[in-house]
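A.B. asks: Sharing protein_14.pdb below, PDB, C-alpha atoms, pLDDT in the B column:
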ATOM      1  CA  GLY N   1       5.020  -9.761 -17.720  1.00 58.00           C
ATOM      2  CA  GLU N   2       2.840  -7.014 -19.127  1.00 83.00           C
ATOM      3  CA  GLU N   3      -0.008  -7.386 -16.714  1.00 91.00           C
ATOM      4  CA  VAL N   4      -0.544  -6.610 -13.071  1.00 95.00           C
ATOM      5  CA  ALA N   5      -1.421  -9.913 -11.447  1.00 97.00           C
ATOM      6  CA  GLN N   6      -3.723  -9.859  -8.436  1.00 98.00           C
ATOM      7  CA  THR N   7      -4.578 -12.894  -6.352  1.00 97.00           C
ATOM      8  CA  PRO N   8      -6.908 -14.217  -5.281  1.00 98.00           C
ATOM      9  CA  LYS N   9      -9.776 -13.063  -7.502  1.00 97.00           C
ATOM     10  CA  HIS N  10     -12.314 -13.670  -4.760  1.00 97.00           C
ATOM     11  CA  LEU N  11     -11.902 -13.896  -1.003  1.00 98.00           C
ATOM     12  CA  VAL N  12     -14.563 -14.540   1.614  1.00 98.00           C
ATOM     13  CA  ARG N  13     -13.819 -13.900   5.267  1.00 98.00           C
ATOM     14  CA  GLY N  14     -15.893 -13.998   8.411  1.00 97.00           C
ATOM     15  CA  GLU N  15     -16.031 -10.793  10.365  1.00 97.00           C
ATOM     16  CA  GLY N  16     -12.950 -10.540  12.537  1.00 97.00           C
ATOM     17  CA  GLN N  17     -10.805 -12.799  10.358  1.00 98.00           C
ATOM     18  CA  LYS N  18      -7.646 -11.721   8.561  1.00 98.00           C
ATOM     19  CA  ALA N  19      -7.534 -11.125   4.815  1.00 98.00           C
ATOM     20  CA  LYS N  20      -4.390 -10.958   2.695  1.00 98.00           C
ATOM     21  CA  LEU N  21      -4.341  -9.816  -0.897  1.00 98.00           C
ATOM     22  CA  TYR N  22      -1.443 -10.022  -3.333  1.00 98.00           C
ATOM     23  CA  CYS N  23      -0.263  -7.980  -6.297  1.00 98.00           C
ATOM     24  CA  ALA N  24       2.590  -8.575  -8.717  1.00 96.00           C
ATOM     25  CA  PRO N  25       3.282  -5.316 -10.582  1.00 94.00           C
ATOM     26  CA  ILE N  26       4.620  -5.100 -14.112  1.00 91.00           C
ATOM     27  CA  LYS N  27       8.372  -5.650 -14.219  1.00 89.00           C
ATOM     28  CA  GLY N  28      10.131  -2.312 -14.444  1.00 86.00           C
ATOM     29  CA  HIS N  29       7.301  -0.337 -12.888  1.00 88.00           C
ATOM     30  CA  SER N  30       8.599   1.304  -9.760  1.00 88.00           C
ATOM     31  CA  TYR N  31       5.301   2.565  -8.339  1.00 90.00           C
ATOM     32  CA  VAL N  32       2.521   0.422  -6.924  1.00 94.00           C
ATOM     33  CA  PHE N  33      -0.844   1.735  -5.814  1.00 95.00           C
ATOM     34  CA  TRP N  34      -3.705   0.140  -3.891  1.00 97.00           C
ATOM     35  CA  TYR N  35      -7.295   1.312  -4.223  1.00 97.00           C
ATOM     36  CA  GLN N  36     -10.544   0.205  -2.633  1.00 97.00           C
ATOM     37  CA  GLN N  37     -13.729   0.331  -4.704  1.00 96.00           C
ATOM     38  CA  VAL N  38     -17.027  -0.123  -2.903  1.00 91.00           C
ATOM     39  CA  LEU N  39     -20.146  -1.040  -4.899  1.00 81.00           C
ATOM     40  CA  LYS N  40     -18.483  -0.249  -8.266  1.00 70.00           C
ATOM     41  CA  ASN N  41     -18.412   3.402  -7.385  1.00 83.00           C
ATOM     42  CA  GLU N  42     -15.840   5.580  -5.814  1.00 88.00           C
ATOM     43  CA  PHE N  43     -12.191   4.616  -5.812  1.00 93.00           C
ATOM     44  CA  LYS N  44     -10.577   5.240  -2.466  1.00 94.00           C
ATOM     45  CA  PHE N  45      -6.806   5.532  -2.532  1.00 95.00           C
ATOM     46  CA  LEU N  46      -5.148   3.483   0.191  1.00 97.00           C
ATOM     47  CA  ILE N  47      -1.378   3.459  -0.207  1.00 96.00           C
ATOM     48  CA  SER N  48       1.420   3.688  -2.748  1.00 94.00           C
ATOM     49  CA  PHE N  49       4.958   2.345  -2.879  1.00 94.00           C
ATOM     50  CA  GLN N  50       8.094   3.410  -4.661  1.00 91.00           C
ATOM     51  CA  ASN N  51       9.875   0.116  -5.039  1.00 89.00           C
ATOM     52  CA  GLU N  52       9.895  -1.325  -1.501  1.00 90.00           C
ATOM     53  CA  ASN N  53       9.306   1.965   0.246  1.00 94.00           C
ATOM     54  CA  VAL N  54       5.991   3.424   1.308  1.00 94.00           C
ATOM     55  CA  PHE N  55       5.498   6.569  -0.779  1.00 92.00           C
ATOM     56  CA  ASP N  56       2.061   7.795   0.266  1.00 92.00           C
ATOM     57  CA  GLU N  57      -0.066   6.163   2.958  1.00 94.00           C
ATOM     58  CA  THR N  58      -2.551   8.949   3.532  1.00 91.00           C
ATOM     59  CA  GLY N  59      -5.517   6.718   2.683  1.00 92.00           C
ATOM     60  CA  MET N  60      -4.707   3.780   4.916  1.00 93.00           C
ATOM     61  CA  PRO N  61      -6.890   3.003   7.937  1.00 91.00           C
ATOM     62  CA  LYS N  62      -3.804   2.155   9.932  1.00 85.00           C
ATOM     63  CA  GLU N  63      -5.502   0.393  12.800  1.00 92.00           C
ATOM     64  CA  ARG N  64      -6.323  -2.679  10.727  1.00 95.00           C
ATOM     65  CA  PHE N  65      -4.706  -2.256   7.315  1.00 97.00           C
ATOM     66  CA  SER N  66      -1.080  -2.840   6.458  1.00 97.00           C
ATOM     67  CA  ALA N  67       0.817  -3.275   3.208  1.00 97.00           C
ATOM     68  CA  LYS N  68       4.265  -4.303   2.019  1.00 96.00           C
ATOM     69  CA  CYS N  69       6.266  -4.494  -1.180  1.00 96.00           C
ATOM     70  CA  LEU N  70       9.344  -6.618  -0.571  1.00 93.00           C
ATOM     71  CA  PRO N  71      12.058  -7.404  -3.116  1.00 89.00           C
ATOM     72  CA  ASN N  72      11.408 -10.465  -5.279  1.00 88.00           C
ATOM     73  CA  SER N  73       7.951 -10.965  -3.785  1.00 92.00           C
ATOM     74  CA  PRO N  74       4.453  -9.845  -4.729  1.00 95.00           C
ATOM     75  CA  CYS N  75       3.207  -6.796  -2.893  1.00 97.00           C
ATOM     76  CA  SER N  76       0.596  -7.516  -0.246  1.00 98.00           C
ATOM     77  CA  LEU N  77      -2.289  -5.772   1.454  1.00 98.00           C
ATOM     78  CA  GLU N  78      -3.405  -7.239   4.765  1.00 98.00           C
ATOM     79  CA  ILE N  79      -6.530  -6.480   6.724  1.00 97.00           C
ATOM     80  CA  GLN N  80      -6.551  -7.632  10.329  1.00 94.00           C
ATOM     81  CA  ALA N  81      -9.917  -8.274  11.954  1.00 94.00           C
ATOM     82  CA  THR N  82     -12.046  -7.580   8.919  1.00 97.00           C
ATOM     83  CA  LYS N  83     -15.305  -5.682   9.236  1.00 96.00           C
ATOM     84  CA  LEU N  84     -18.424  -5.826   7.082  1.00 96.00           C
ATOM     85  CA  GLU N  85     -17.581  -2.412   5.598  1.00 94.00           C
ATOM     86  CA  ASP N  86     -14.292  -3.784   4.247  1.00 96.00           C
ATOM     87  CA  SER N  87     -16.312  -5.672   1.618  1.00 96.00           C
ATOM     88  CA  ALA N  88     -15.122  -4.170  -1.654  1.00 96.00           C
ATOM     89  CA  VAL N  89     -13.003  -4.784  -4.708  1.00 96.00           C
ATOM     90  CA  TYR N  90      -9.360  -3.999  -4.050  1.00 98.00           C
ATOM     91  CA  PHE N  91      -7.392  -2.895  -7.082  1.00 97.00           C
ATOM     92  CA  CYS N  92      -3.671  -2.782  -7.427  1.00 97.00           C
ATOM     93  CA  ALA N  93      -2.018  -0.685 -10.155  1.00 94.00           C
ATOM     94  CA  SER N  94       1.548  -0.021 -11.194  1.00 91.00           C
ATOM     95  CA  SER N  95       3.198   2.727 -13.199  1.00 87.00           C
ATOM     96  CA  HIS N  96       6.435   4.074 -14.518  1.00 80.00           C
ATOM     97  CA  ALA N  97       8.259   6.689 -12.532  1.00 68.00           C
ATOM     98  CA  GLY N  98       8.690  10.325 -13.205  1.00 59.00           C
ATOM     99  CA  SER N  99       6.466  11.168 -16.136  1.00 56.00           C
ATOM    100  CA  ILE N 100       3.029  12.641 -15.949  1.00 55.00           C
ATOM    101  CA  ASN N 101       1.657  10.901 -18.988  1.00 59.00           C
ATOM    102  CA  TYR N 102       2.290   7.441 -17.738  1.00 63.00           C
ATOM    103  CA  GLY N 103      -1.050   6.077 -16.784  1.00 71.00           C
ATOM    104  CA  TYR N 104      -1.560   3.195 -14.515  1.00 83.00           C
ATOM    105  CA  THR N 105      -1.926  -0.414 -15.454  1.00 89.00           C
ATOM    106  CA  PHE N 106      -4.580  -1.920 -13.242  1.00 93.00           C
ATOM    107  CA  GLY N 107      -4.868  -5.464 -12.057  1.00 96.00           C
ATOM    108  CA  SER N 108      -8.202  -7.217 -12.355  1.00 96.00           C
ATOM    109  CA  GLY N 109      -8.945  -6.736  -8.679  1.00 97.00           C
ATOM    110  CA  THR N 110      -9.654  -8.914  -5.660  1.00 97.00           C
ATOM    111  CA  ARG N 111     -13.266  -9.028  -4.520  1.00 96.00           C
ATOM    112  CA  LEU N 112     -13.341  -9.275  -0.733  1.00 97.00           C
ATOM    113  CA  THR N 113     -16.611 -10.282   0.888  1.00 97.00           C
ATOM    114  CA  VAL N 114     -16.825 -10.088   4.657  1.00 97.00           C
ATOM    115  CA  VAL N 115     -19.734 -12.069   6.102  1.00 97.00           C
TER     116      VAL N 115
ATOM    117  CA  ALA B   1      -6.142  19.076  -3.256  1.00 78.00           C
ATOM    118  CA  GLN B   2      -7.406  17.704  -6.517  1.00 85.00           C
ATOM    119  CA  LYS B   3     -11.068  16.950  -7.176  1.00 92.00           C
ATOM    120  CA  ILE B   4     -12.925  15.364 -10.065  1.00 96.00           C
ATOM    121  CA  THR B   5     -16.652  15.887 -10.585  1.00 97.00           C
ATOM    122  CA  GLN B   6     -18.805  13.732 -12.819  1.00 97.00           C
ATOM    123  CA  THR B   7     -22.330  15.088 -12.623  1.00 96.00           C
ATOM    124  CA  GLN B   8     -24.087  12.390 -14.654  1.00 96.00           C
ATOM    125  CA  PRO B   9     -24.725   9.249 -12.599  1.00 94.00           C
ATOM    126  CA  GLY B  10     -26.292   7.605 -15.648  1.00 96.00           C
ATOM    127  CA  MET B  11     -26.527   8.251 -19.370  1.00 97.00           C
ATOM    128  CA  PHE B  12     -28.435   6.552 -22.152  1.00 97.00           C
ATOM    129  CA  VAL B  13     -27.594   6.601 -25.853  1.00 97.00           C
ATOM    130  CA  GLN B  14     -28.880   4.871 -28.947  1.00 98.00           C
ATOM    131  CA  GLU B  15     -26.545   2.561 -30.782  1.00 97.00           C
ATOM    132  CA  LYS B  16     -24.507   4.355 -33.484  1.00 97.00           C
ATOM    133  CA  GLU B  17     -25.083   7.779 -31.940  1.00 98.00           C
ATOM    134  CA  ALA B  18     -22.444   9.912 -30.226  1.00 98.00           C
ATOM    135  CA  VAL B  19     -22.475  10.615 -26.496  1.00 98.00           C
ATOM    136  CA  THR B  20     -20.596  13.044 -24.260  1.00 98.00           C
ATOM    137  CA  LEU B  21     -19.704  12.185 -20.691  1.00 98.00           C
ATOM    138  CA  ASP B  22     -18.954  15.212 -18.549  1.00 98.00           C
ATOM    139  CA  CYS B  23     -15.974  15.718 -16.286  1.00 98.00           C
ATOM    140  CA  THR B  24     -14.818  18.822 -14.472  1.00 98.00           C
ATOM    141  CA  TYR B  25     -11.787  19.054 -12.280  1.00 97.00           C
ATOM    142  CA  ASP B  26     -10.238  21.276  -9.694  1.00 95.00           C
ATOM    143  CA  THR B  27      -6.544  21.608  -9.091  1.00 91.00           C
ATOM    144  CA  SER B  28      -3.948  24.221  -8.262  1.00 88.00           C
ATOM    145  CA  ASP B  29      -1.238  22.323 -10.128  1.00 87.00           C
ATOM    146  CA  GLN B  30       0.027  23.785 -13.378  1.00 87.00           C
ATOM    147  CA  SER B  31       1.040  20.437 -14.811  1.00 87.00           C
ATOM    148  CA  TYR B  32      -1.302  17.499 -14.638  1.00 89.00           C
ATOM    149  CA  GLY B  33      -2.793  14.685 -16.650  1.00 90.00           C
ATOM    150  CA  LEU B  34      -6.400  13.717 -17.238  1.00 93.00           C
ATOM    151  CA  PHE B  35      -7.487  10.160 -17.879  1.00 93.00           C
ATOM    152  CA  TRP B  36     -10.631   8.255 -18.740  1.00 96.00           C
ATOM    153  CA  TYR B  37     -11.162   4.642 -17.784  1.00 95.00           C
ATOM    154  CA  LYS B  38     -13.916   2.208 -18.715  1.00 96.00           C
ATOM    155  CA  GLN B  39     -15.128  -0.399 -16.258  1.00 96.00           C
ATOM    156  CA  PRO B  40     -17.452  -2.988 -17.796  1.00 96.00           C
ATOM    157  CA  SER B  41     -19.648  -5.218 -15.680  1.00 94.00           C
ATOM    158  CA  SER B  42     -16.811  -7.746 -15.523  1.00 93.00           C
ATOM    159  CA  GLY B  43     -14.980  -5.255 -13.324  1.00 92.00           C
ATOM    160  CA  GLU B  44     -11.631  -4.645 -14.965  1.00 93.00           C
ATOM    161  CA  MET B  45     -10.335  -1.118 -15.483  1.00 93.00           C
ATOM    162  CA  ILE B  46      -9.585  -0.296 -19.114  1.00 93.00           C
ATOM    163  CA  PHE B  47      -7.555   2.806 -19.978  1.00 91.00           C
ATOM    164  CA  LEU B  48      -9.206   4.789 -22.763  1.00 94.00           C
ATOM    165  CA  ILE B  49      -7.521   8.130 -23.290  1.00 94.00           C
ATOM    166  CA  TYR B  50      -5.070  10.633 -21.794  1.00 92.00           C
ATOM    167  CA  GLN B  51      -4.794  14.429 -22.030  1.00 93.00           C
ATOM    168  CA  GLY B  52      -1.879  16.433 -20.672  1.00 90.00           C
ATOM    169  CA  SER B  53      -2.488  19.881 -19.301  1.00 91.00           C
ATOM    170  CA  TYR B  54      -0.001  21.385 -21.749  1.00 90.00           C
ATOM    171  CA  ASP B  55      -1.262  19.507 -24.785  1.00 89.00           C
ATOM    172  CA  GLU B  56      -2.629  21.977 -27.288  1.00 86.00           C
ATOM    173  CA  GLN B  57      -4.670  19.485 -29.230  1.00 93.00           C
ATOM    174  CA  ASN B  58      -7.514  17.391 -27.905  1.00 95.00           C
ATOM    175  CA  ALA B  59      -6.591  13.752 -27.503  1.00 95.00           C
ATOM    176  CA  THR B  60      -8.209  11.150 -29.743  1.00 96.00           C
ATOM    177  CA  GLU B  61      -8.075   7.354 -29.653  1.00 94.00           C
ATOM    178  CA  GLY B  62     -10.235   5.669 -32.232  1.00 97.00           C
ATOM    179  CA  ARG B  63     -13.873   6.381 -31.366  1.00 97.00           C
ATOM    180  CA  TYR B  64     -12.874   8.209 -28.189  1.00 98.00           C
ATOM    181  CA  SER B  65     -11.968  11.864 -28.049  1.00 97.00           C
ATOM    182  CA  LEU B  66     -11.413  14.174 -25.131  1.00 97.00           C
ATOM    183  CA  ASN B  67     -12.892  17.654 -25.308  1.00 97.00           C
ATOM    184  CA  PHE B  68     -10.375  19.547 -23.180  1.00 96.00           C
ATOM    185  CA  GLN B  69     -11.278  23.080 -22.132  1.00 96.00           C
ATOM    186  CA  LYS B  70      -8.555  24.185 -19.790  1.00 94.00           C
ATOM    187  CA  ALA B  71     -10.034  27.535 -18.836  1.00 94.00           C
ATOM    188  CA  ARG B  72     -13.270  25.816 -17.832  1.00 95.00           C
ATOM    189  CA  LYS B  73     -11.389  22.949 -16.216  1.00 96.00           C
ATOM    190  CA  SER B  74     -13.385  20.411 -18.124  1.00 97.00           C
ATOM    191  CA  ALA B  75     -12.309  17.196 -19.834  1.00 97.00           C
ATOM    192  CA  ASN B  76     -15.368  15.625 -21.382  1.00 98.00           C
ATOM    193  CA  LEU B  77     -15.208  12.242 -23.087  1.00 98.00           C
ATOM    194  CA  VAL B  78     -16.903  11.925 -26.446  1.00 98.00           C
ATOM    195  CA  ILE B  79     -17.714   8.473 -27.765  1.00 98.00           C
ATOM    196  CA  SER B  80     -18.694   8.435 -31.410  1.00 97.00           C
ATOM    197  CA  ALA B  81     -20.807   5.747 -33.080  1.00 96.00           C
ATOM    198  CA  SER B  82     -21.762   4.050 -29.807  1.00 97.00           C
ATOM    199  CA  GLN B  83     -21.762   0.272 -29.700  1.00 97.00           C
ATOM    200  CA  LEU B  84     -23.577  -2.094 -27.366  1.00 97.00           C
ATOM    201  CA  GLY B  85     -20.212  -3.044 -25.909  1.00 97.00           C
ATOM    202  CA  ASP B  86     -19.706   0.541 -24.757  1.00 98.00           C
ATOM    203  CA  SER B  87     -22.244  -0.036 -21.971  1.00 98.00           C
ATOM    204  CA  ALA B  88     -20.144   0.316 -18.815  1.00 97.00           C
ATOM    205  CA  MET B  89     -19.096   2.633 -16.004  1.00 97.00           C
ATOM    206  CA  TYR B  90     -16.785   5.437 -17.099  1.00 98.00           C
ATOM    207  CA  PHE B  91     -14.400   7.133 -14.710  1.00 97.00           C
ATOM    208  CA  CYS B  92     -12.610  10.406 -15.190  1.00 97.00           C
ATOM    209  CA  ALA B  93      -9.384  10.777 -13.250  1.00 95.00           C
ATOM    210  CA  MET B  94      -6.525  13.177 -12.851  1.00 93.00           C
ATOM    211  CA  ARG B  95      -2.994  13.024 -11.686  1.00 88.00           C
ATOM    212  CA  PRO B  96      -0.744  15.894 -10.759  1.00 77.00           C
ATOM    213  CA  GLN B  97       2.737  16.207 -12.149  1.00 68.00           C
ATOM    214  CA  GLY B  98       4.956  13.232 -11.722  1.00 61.00           C
ATOM    215  CA  GLY B  99       4.390   9.552 -12.285  1.00 56.00           C
ATOM    216  CA  SER B 100       4.616   8.915  -8.596  1.00 69.00           C
ATOM    217  CA  GLU B 101       1.386  10.612  -7.670  1.00 81.00           C
ATOM    218  CA  LYS B 102      -1.909   8.884  -7.075  1.00 87.00           C
ATOM    219  CA  LEU B 103      -4.820   9.177  -9.460  1.00 90.00           C
ATOM    220  CA  VAL B 104      -7.870  11.018  -8.155  1.00 92.00           C
ATOM    221  CA  PHE B 105     -11.113   9.609  -9.528  1.00 95.00           C
ATOM    222  CA  GLY B 106     -14.598  10.950 -10.093  1.00 96.00           C
ATOM    223  CA  LYS B 107     -17.603   8.946  -8.977  1.00 95.00           C
ATOM    224  CA  GLY B 108     -18.263   7.628 -12.456  1.00 96.00           C
ATOM    225  CA  THR B 109     -21.026   7.679 -15.057  1.00 97.00           C
ATOM    226  CA  LYS B 110     -22.948   4.572 -16.001  1.00 97.00           C
ATOM    227  CA  LEU B 111     -23.481   4.515 -19.758  1.00 98.00           C
ATOM    228  CA  THR B 112     -26.160   2.324 -21.291  1.00 98.00           C
ATOM    229  CA  VAL B 113     -26.252   1.867 -25.054  1.00 98.00           C
ATOM    230  CA  ASN B 114     -29.674   0.892 -26.350  1.00 97.00           C
ATOM    231  CA  PRO B 115     -30.129  -1.146 -29.536  1.00 95.00           C
TER     232      PRO B 115
END
Could I get this file's structure written as structure tokens?
C.D. replies:
Amino acid sequence: GEEVAQTPKHLVRGEGQKAKLYCAPIKGHSYVFWYQQVLKNEFKFLISFQNENVFDETGMPKERFSAKCLPNSPCSLEIQATKLEDSAVYFCASSHAGSINYGYTFGSGTRLTVV
Amino acid sequence: AQKITQTQPGMFVQEKEAVTLDCTYDTSDQSYGLFWYKQPSSGEMIFLIYQGSYDEQNATEGRYSLNFQKARKSANLVISASQLGDSAMYFCAMRPQGGSEKLVFGKGTKLTVNP
């Protein structure tokens, strides 16, 4: 399809619980990006994939965050033992490879609330 | 490292007037792209306009135009004939050469259009 599909739209977790977010990129887009947006302000880059391979994980808090993009499955972002500060909107985006003027297509985001 | 600076946390404009949202950037890359996104209160990210670093003409998309001044490293967004529906957060972003690279975002400007 022509949209990046993120599920669920909203997720509430108690502190210490696990959270798993999903993203289906646009078919044919080989790059997937995850961003965290706190309080509708700054976008923090987390991780990117080229197909199934991690491309850039410089933004990932590796102790509790992990992500995968497996063939024929939605990509996922998992947070083990959530903390209050993980409350944010998590955006997934996908893009074409290799050309600077290809912008991203963003999903509608998953709002994670940790209570 | 790339950096985007948006110095206006909030802007107000009267309906039907034009408004300029400022964006400056810092990069050592020779080839890069500049993007503007709109984020309404509903939260989705809407792509507005793109400018390539080698583009000689300023980009325009309907009521949106990008005032690109390469020597000053600025990429201001101009919205003409503001509408109430333009009230939203606006993010400037850049991406170095190659579709694989992550977007770097500014902190955003909240635009309010008054009737």
A.B. asks: Could you work out an axis-aligned bounding box for all listed atoms of stretch 2-14 of chain B, with 5 Å added on each of the six sides, and give its centre and edge lengths in Å to one decimal, as JSON?
C.D. replies:
{"center_x": -18.1, "center_y": 11.3, "center_z": -17.7, "size_x": 31.5, "size_y": 22.8, "size_z": 32.4}
A.B. asks: Given a cut-off of 9 Å, which residues of chain N touch chain B, counting all atoms listed in the file, written out as a ChimeraX atom specification?
C.D. replies: /N:30-33,40-45,47-50,55-56,89,95-109
A.B. asks: Write a file of the just-selected residues containing C-alpha atoms, as a PDB file, in the frame of the given file.
C.D. replies:
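result.pdb written:
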ATOM      1  CA  SER N  30       8.599   1.304  -9.760  1.00 88.00           C
ATOM      2  CA  TYR N  31       5.301   2.565  -8.339  1.00 90.00           C
ATOM      3  CA  VAL N  32       2.521   0.422  -6.924  1.00 94.00           C
ATOM      4  CA  PHE N  33      -0.844   1.735  -5.814  1.00 95.00           C
ATOM      5  CA  LYS N  40     -18.483  -0.249  -8.266  1.00 70.00           C
ATOM      6  CA  ASN N  41     -18.412   3.402  -7.385  1.00 83.00           C
ATOM      7  CA  GLU N  42     -15.840   5.580  -5.814  1.00 88.00           C
ATOM      8  CA  PHE N  43     -12.191   4.616  -5.812  1.00 93.00           C
ATOM      9  CA  LYS N  44     -10.577   5.240  -2.466  1.00 94.00           C
ATOM     10  CA  PHE N  45      -6.806   5.532  -2.532  1.00 95.00           C
ATOM     11  CA  ILE N  47      -1.378   3.459  -0.207  1.00 96.00           C
ATOM     12  CA  SER N  48       1.420   3.688  -2.748  1.00 94.00           C
ATOM     13  CA  PHE N  49       4.958   2.345  -2.879  1.00 94.00           C
ATOM     14  CA  GLN N  50       8.094   3.410  -4.661  1.00 91.00           C
ATOM     15  CA  PHE N  55       5.498   6.569  -0.779  1.00 92.00           C
ATOM     16  CA  ASP N  56       2.061   7.795   0.266  1.00 92.00           C
ATOM     17  CA  VAL N  89     -13.003  -4.784  -4.708  1.00 96.00           C
ATOM     18  CA  SER N  95       3.198   2.727 -13.199  1.00 87.00           C
ATOM     19  CA  HIS N  96       6.435   4.074 -14.518  1.00 80.00           C
ATOM     20  CA  ALA N  97       8.259   6.689 -12.532  1.00 68.00           C
ATOM     21  CA  GLY N  98       8.690  10.325 -13.205  1.00 59.00           C
ATOM     22  CA  SER N  99       6.466  11.168 -16.136  1.00 56.00           C
ATOM     23  CA  ILE N 100       3.029  12.641 -15.949  1.00 55.00           C
ATOM     24  CA  ASN N 101       1.657  10.901 -18.988  1.00 59.00           C
ATOM     25  CA  TYR N 102       2.290   7.441 -17.738  1.00 63.00           C
ATOM     26  CA  GLY N 103      -1.050   6.077 -16.784  1.00 71.00           C
ATOM     27  CA  TYR N 104      -1.560   3.195 -14.515  1.00 83.00           C
ATOM     28  CA  THR N 105      -1.926  -0.414 -15.454  1.00 89.00           C
ATOM     29  CA  PHE N 106      -4.580  -1.920 -13.242  1.00 93.00           C
ATOM     30  CA  GLY N 107      -4.868  -5.464 -12.057  1.00 96.00           C
ATOM     31  CA  SER N 108      -8.202  -7.217 -12.355  1.00 96.00           C
ATOM     32  CA  GLY N 109      -8.945  -6.736  -8.679  1.00 97.00           C
TER      33      GLY N 109
END
A.B. asks: So how far away is atom CA of B:Ile4 from atom CA of B:Val78, in Å?
C.D. replies: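 Atom-to-atom, atom CA of B:Val78 and atom CA of B:Ile4 are spaced 17.2 Å apart.
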A.B. asks: Between atom CA of N:Leu84 and atom CA of B:Ala88, what distance in Å does the model show, to one decimal?
C.D. replies: 26.7 Å
A.B. asks: I would like the residues chosen by the PyMOL selection byres ((chain N and resi 111-114) around 8) on the shown file; could you give them as a ChimeraX atom specification?
C.D. replies: /N:9-15,82-90,109-110,115
A.B. asks: Report the distance between atom CA of N:Trp34 and atom CA of N:Ala93 in Å, rounded to one decimal place.
C.D. replies: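 We find that atom CA of N:Trp34 and atom CA of N:Ala93 lie 6.5 Å from each other.
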A.B. asks: Got a sec: who's within 8 Å of N:Leu21, counting only C-alpha atoms, leaving out chain neighbours fewer than 2 positions off, as a list of chain:residue names?
C.D. replies: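 My reading of the contact set: N:Gln6, N:Thr7, N:Pro8, N:Ala19, N:Cys23, N:Ser76, N:Leu77, N:Glu78, N:Thr110.
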A.B. asks: Per residue of stretch 60-92 of chain B within 6 Å of stretch 15-28 of chain B, which atom pair is closest and at what distance in Å (one decimal), using all atoms listed in the file, listed by chain and increasing number, as JSON lines?
C.D. replies:
{"residue": "B:Lys73", "atom": "CA", "partner": "B:Tyr25", "partner_atom": "CA", "distance": 5.6}
{"residue": "B:Ser74", "atom": "CA", "partner": "B:Thr24", "partner_atom": "CA", "distance": 4.2}
{"residue": "B:Ala75", "atom": "CA", "partner": "B:Cys23", "partner_atom": "CA", "distance": 5.3}
{"residue": "B:Asn76", "atom": "CA", "partner": "B:Asp22", "partner_atom": "CA", "distance": 4.6}
{"residue": "B:Leu77", "atom": "CA", "partner": "B:Leu21", "partner_atom": "CA", "distance": 5.1}
{"residue": "B:Val78", "atom": "CA", "partner": "B:Thr20", "partner_atom": "CA", "distance": 4.4}
{"residue": "B:Ile79", "atom": "CA", "partner": "B:Val19", "partner_atom": "CA", "distance": 5.4}
{"residue": "B:Ser80", "atom": "CA", "partner": "B:Ala18", "partner_atom": "CA", "distance": 4.2}
{"residue": "B:Ala81", "atom": "CA", "partner": "B:Lys16", "partner_atom": "CA", "distance": 4.0}
{"residue": "B:Ser82", "atom": "CA", "partner": "B:Lys16", "partner_atom": "CA", "distance": 4.6}
{"residue": "B:Gln83", "atom": "CA", "partner": "B:Glu15", "partner_atom": "CA", "distance": 5.4}
A.B. asks: Looking at N:Tyr35, N:Ala24, N:His29, N:Leu70, which one is nearest to N:Thr58, with distances taken over all atoms listed in the file?
C.D. replies: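 Ranking N:Tyr35, N:Ala24, N:His29, N:Leu70 by distance to N:Thr58, first place goes to N:Tyr35.
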A.B. asks: Given the choices N:Val38, N:Ser94, N:Glu3, N:Lys20, which gets closest to N:Phe65 if the distance is worked out from all atoms listed in the file?
C.D. replies: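 Nearest candidate to N:Phe65 out of N:Val38, N:Ser94, N:Glu3, N:Lys20: N:Lys20.
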A.B. asks: Given the file shown, enumerate the residues that the PyMOL selection byres ((chain N and resi 72) around 12) captures and present them as a list in words.
C.D. replies: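 Given this file, the PyMOL selection byres ((chain N and resi 72) around 12) evaluates to Cys23, Ala24, Pro25, Lys27, Asn51, Glu52, Lys68, Cys69, Leu70, Pro71, Ser73, Pro74 and Cys75 of chain N.
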